[in-house]
Amino acid sequence: VLDTTDPHEVAGVLAGDLARTLVVVVGESIEAESLRRVFGRAFAEAGLGGAELARRFVAVAEEGSGLARAAADVGHHLVLAEPDVDDRFGALGARSLVPAALAGVDVAGLLDEASRLSAALRQPYDNPALALGAALGSSALGVRDKLVIADHGSGLAGLGRWAEQLVAGSLGKDGKGLLPVVVESVDAPG
């Protein structure tokens, strides 16, 4: 699973077994289009052309978007995403669940767990989301400036990095707030 546009990471994937590679394009960015072209060229050079090349891509996009039109034009698979949902906040939407399912995550189990949790999130008391928000807010107002994130057994590859992006994009603006730091385990030094 590659969730970056970092050239070194992309080069590592391109050096792998392209016959077993599927590219999921999510988003309308120039970087996403550039990656689609880079992978398309690499697939073609590996002898995967025509209909086989088209099958190597899945686009997740809003209906009528530029990405949806481009996918339809070249025959890529298209999964329609929910409109007006910011990518960072769409953890239970198509932009996140399609790549997760393709990577082997038990999406049905994940949605069942989210459904069970949703009742607790509607309560004013004993609400884990409110408790987390209060803890983060009070920490940011105090002497703390970092939030250490360790994925301790979620079974979701990349969860820590996703949480880091969510927190950084929501709380860490203009040098204020908490700086999220992902560590490998709860036993990490520091």
# chains A, B, ... in the order shown; residues from 1 in each chain; ligands from 1
$ residues_around --residues "segment 72-81 of chain A" --least-positions-apart "4" --cutoff "7 Å" --atoms "only C-alpha atoms" --output "list of chain:residue names"
A:Ala54, A:Arg55, A:Phe57, A:Val58, A:Ala59, A:Val60, A:Ala61, A:Glu62, A:Glu63, A:Ala68, A:Ala94, A:Arg95
$ select_by_dssp --residues "chain A" --states "helix (DSSP H, G or I)" --output "ChimeraX atom specification"
/A:7-14,18-20,30-45,50-55,66-74,87-89,94-102,107-121,128-141,159-171
$ write_last_selection --atoms "C-alpha atoms" --output "mmCIF file, in the first residue's frame"
data_model
loop_
_atom_site.group_PDB
_atom_site.id
_atom_site.type_symbol
_atom_site.label_atom_id
_atom_site.label_comp_id
_atom_site.auth_asym_id
_atom_site.auth_seq_id
_atom_site.Cartn_x
_atom_site.Cartn_y
_atom_site.Cartn_z
ATOM 1 C CA PRO A 7 9.257 10.050 -5.480
ATOM 2 C CA HIS A 8 11.442 7.544 -3.599
ATOM 3 C CA GLU A 9 8.397 5.622 -2.353
ATOM 4 C CA VAL A 10 6.823 5.656 -5.826
ATOM 5 C CA ALA A 11 10.099 4.431 -7.363
ATOM 6 C CA GLY A 12 10.117 1.536 -4.903
ATOM 7 C CA VAL A 13 6.661 0.443 -6.018
ATOM 8 C CA LEU A 14 7.550 0.861 -9.696
ATOM 9 C CA LEU A 18 3.690 -4.414 -11.649
ATOM 10 C CA ALA A 19 1.689 -7.445 -12.796
ATOM 11 C CA ARG A 20 0.337 -7.585 -9.229
ATOM 12 C CA ILE A 30 -2.194 17.562 -9.987
ATOM 13 C CA GLU A 31 -0.132 15.041 -8.012
ATOM 14 C CA ALA A 32 -2.833 12.373 -8.460
ATOM 15 C CA GLU A 33 -2.911 12.979 -12.216
ATOM 16 C CA SER A 34 0.889 12.900 -12.383
ATOM 17 C CA LEU A 35 0.989 9.601 -10.495
ATOM 18 C CA ARG A 36 -1.655 8.139 -12.798
ATOM 19 C CA ARG A 37 0.522 9.024 -15.784
ATOM 20 C CA VAL A 38 3.730 7.708 -14.177
ATOM 21 C CA PHE A 39 2.105 4.378 -13.316
ATOM 22 C CA GLY A 40 0.392 4.211 -16.711
ATOM 23 C CA ARG A 41 3.729 4.631 -18.471
ATOM 24 C CA ALA A 42 5.364 2.013 -16.216
ATOM 25 C CA PHE A 43 2.545 -0.483 -16.845
ATOM 26 C CA ALA A 44 2.805 0.080 -20.610
ATOM 27 C CA GLU A 45 6.596 -0.410 -20.510
ATOM 28 C CA GLY A 50 -4.886 -1.630 -23.721
ATOM 29 C CA ALA A 51 -7.725 -3.116 -21.700
ATOM 30 C CA GLU A 52 -5.276 -4.642 -19.204
ATOM 31 C CA LEU A 53 -3.818 -1.195 -18.536
ATOM 32 C CA ALA A 54 -7.293 0.252 -17.990
ATOM 33 C CA ARG A 55 -8.062 -2.491 -15.442
ATOM 34 C CA GLY A 66 -12.737 15.811 -13.713
ATOM 35 C CA LEU A 67 -11.335 12.562 -12.323
ATOM 36 C CA ALA A 68 -14.617 10.719 -12.954
ATOM 37 C CA ARG A 69 -14.716 11.978 -16.554
ATOM 38 C CA ALA A 70 -11.053 11.078 -17.133
ATOM 39 C CA ALA A 71 -11.613 7.570 -15.721
ATOM 40 C CA ALA A 72 -14.620 7.034 -17.977
ATOM 41 C CA ASP A 73 -12.726 8.334 -21.019
ATOM 42 C CA VAL A 74 -9.919 5.779 -20.660
ATOM 43 C CA ASP A 87 -10.928 13.444 2.230
ATOM 44 C CA ARG A 88 -9.500 13.658 5.756
ATOM 45 C CA PHE A 89 -12.923 13.352 7.358
ATOM 46 C CA ALA A 94 -15.747 5.514 -0.447
ATOM 47 C CA ARG A 95 -12.480 7.488 -0.603
ATOM 48 C CA SER A 96 -11.175 5.511 2.374
ATOM 49 C CA LEU A 97 -13.131 2.264 2.288
ATOM 50 C CA VAL A 98 -12.397 1.342 -1.344
ATOM 51 C CA PRO A 99 -8.592 1.371 -0.890
ATOM 52 C CA ALA A 100 -8.985 -0.317 2.511
ATOM 53 C CA ALA A 101 -11.094 -3.131 1.047
ATOM 54 C CA LEU A 102 -8.657 -3.625 -1.834
ATOM 55 C CA VAL A 107 -14.695 -3.370 5.773
ATOM 56 C CA ALA A 108 -17.936 -5.014 6.942
ATOM 57 C CA GLY A 109 -16.402 -5.566 10.379
ATOM 58 C CA LEU A 110 -15.085 -2.008 10.449
ATOM 59 C CA LEU A 111 -18.523 -0.600 9.600
ATOM 60 C CA ASP A 112 -20.178 -2.843 12.201
ATOM 61 C CA GLU A 113 -17.784 -1.543 14.844
ATOM 62 C CA ALA A 114 -18.414 2.062 13.764
ATOM 63 C CA SER A 115 -22.161 1.463 13.953
ATOM 64 C CA ARG A 116 -21.861 0.125 17.502
ATOM 65 C CA LEU A 117 -19.764 3.136 18.506
ATOM 66 C CA SER A 118 -22.126 5.680 16.946
ATOM 67 C CA ALA A 119 -24.643 5.341 19.807
ATOM 68 C CA ALA A 120 -21.948 6.316 22.331
ATOM 69 C CA LEU A 121 -20.981 9.299 20.186
ATOM 70 C CA PRO A 128 -15.239 8.988 23.894
ATOM 71 C CA ALA A 129 -15.031 11.628 21.138
ATOM 72 C CA LEU A 130 -15.862 14.461 23.530
ATOM 73 C CA ALA A 131 -13.398 13.085 26.081
ATOM 74 C CA LEU A 132 -10.646 12.943 23.444
ATOM 75 C CA GLY A 133 -11.464 16.461 22.224
ATOM 76 C CA ALA A 134 -11.381 17.823 25.770
ATOM 77 C CA ALA A 135 -8.048 16.123 26.462
ATOM 78 C CA LEU A 136 -6.500 17.463 23.243
ATOM 79 C CA GLY A 137 -7.874 20.959 23.806
ATOM 80 C CA SER A 138 -6.710 21.221 27.401
ATOM 81 C CA SER A 139 -3.282 19.844 26.463
ATOM 82 C CA ALA A 140 -2.894 22.414 23.701
ATOM 83 C CA LEU A 141 -3.788 25.216 26.120
ATOM 84 C CA LEU A 159 -4.029 4.362 10.869
ATOM 85 C CA GLY A 160 -1.367 6.309 12.767
ATOM 86 C CA ARG A 161 -0.342 8.273 9.670
ATOM 87 C CA TRP A 162 -3.998 9.021 8.859
ATOM 88 C CA ALA A 163 -4.610 10.266 12.415
ATOM 89 C CA GLU A 164 -1.465 12.390 12.161
ATOM 90 C CA GLN A 165 -2.754 14.061 8.977
ATOM 91 C CA LEU A 166 -6.192 14.578 10.490
ATOM 92 C CA VAL A 167 -4.825 16.214 13.637
ATOM 93 C CA ALA A 168 -2.202 18.285 11.809
ATOM 94 C CA GLY A 169 -4.752 19.552 9.296
ATOM 95 C CA SER A 170 -7.292 20.367 11.978
ATOM 96 C CA LEU A 171 -5.320 21.557 14.992
#
$ closest_residue --among "A:Gly153, A:Gly177, A:Gly90, A:Gly49" --to "Val26 of chain A" --atoms "only C-alpha atoms"
A:Gly90
$ atom_distance --atom1 "atom CA of Ala103 of chain A" --atom2 "atom CA of Pro83 of chain A"
23.6 Å
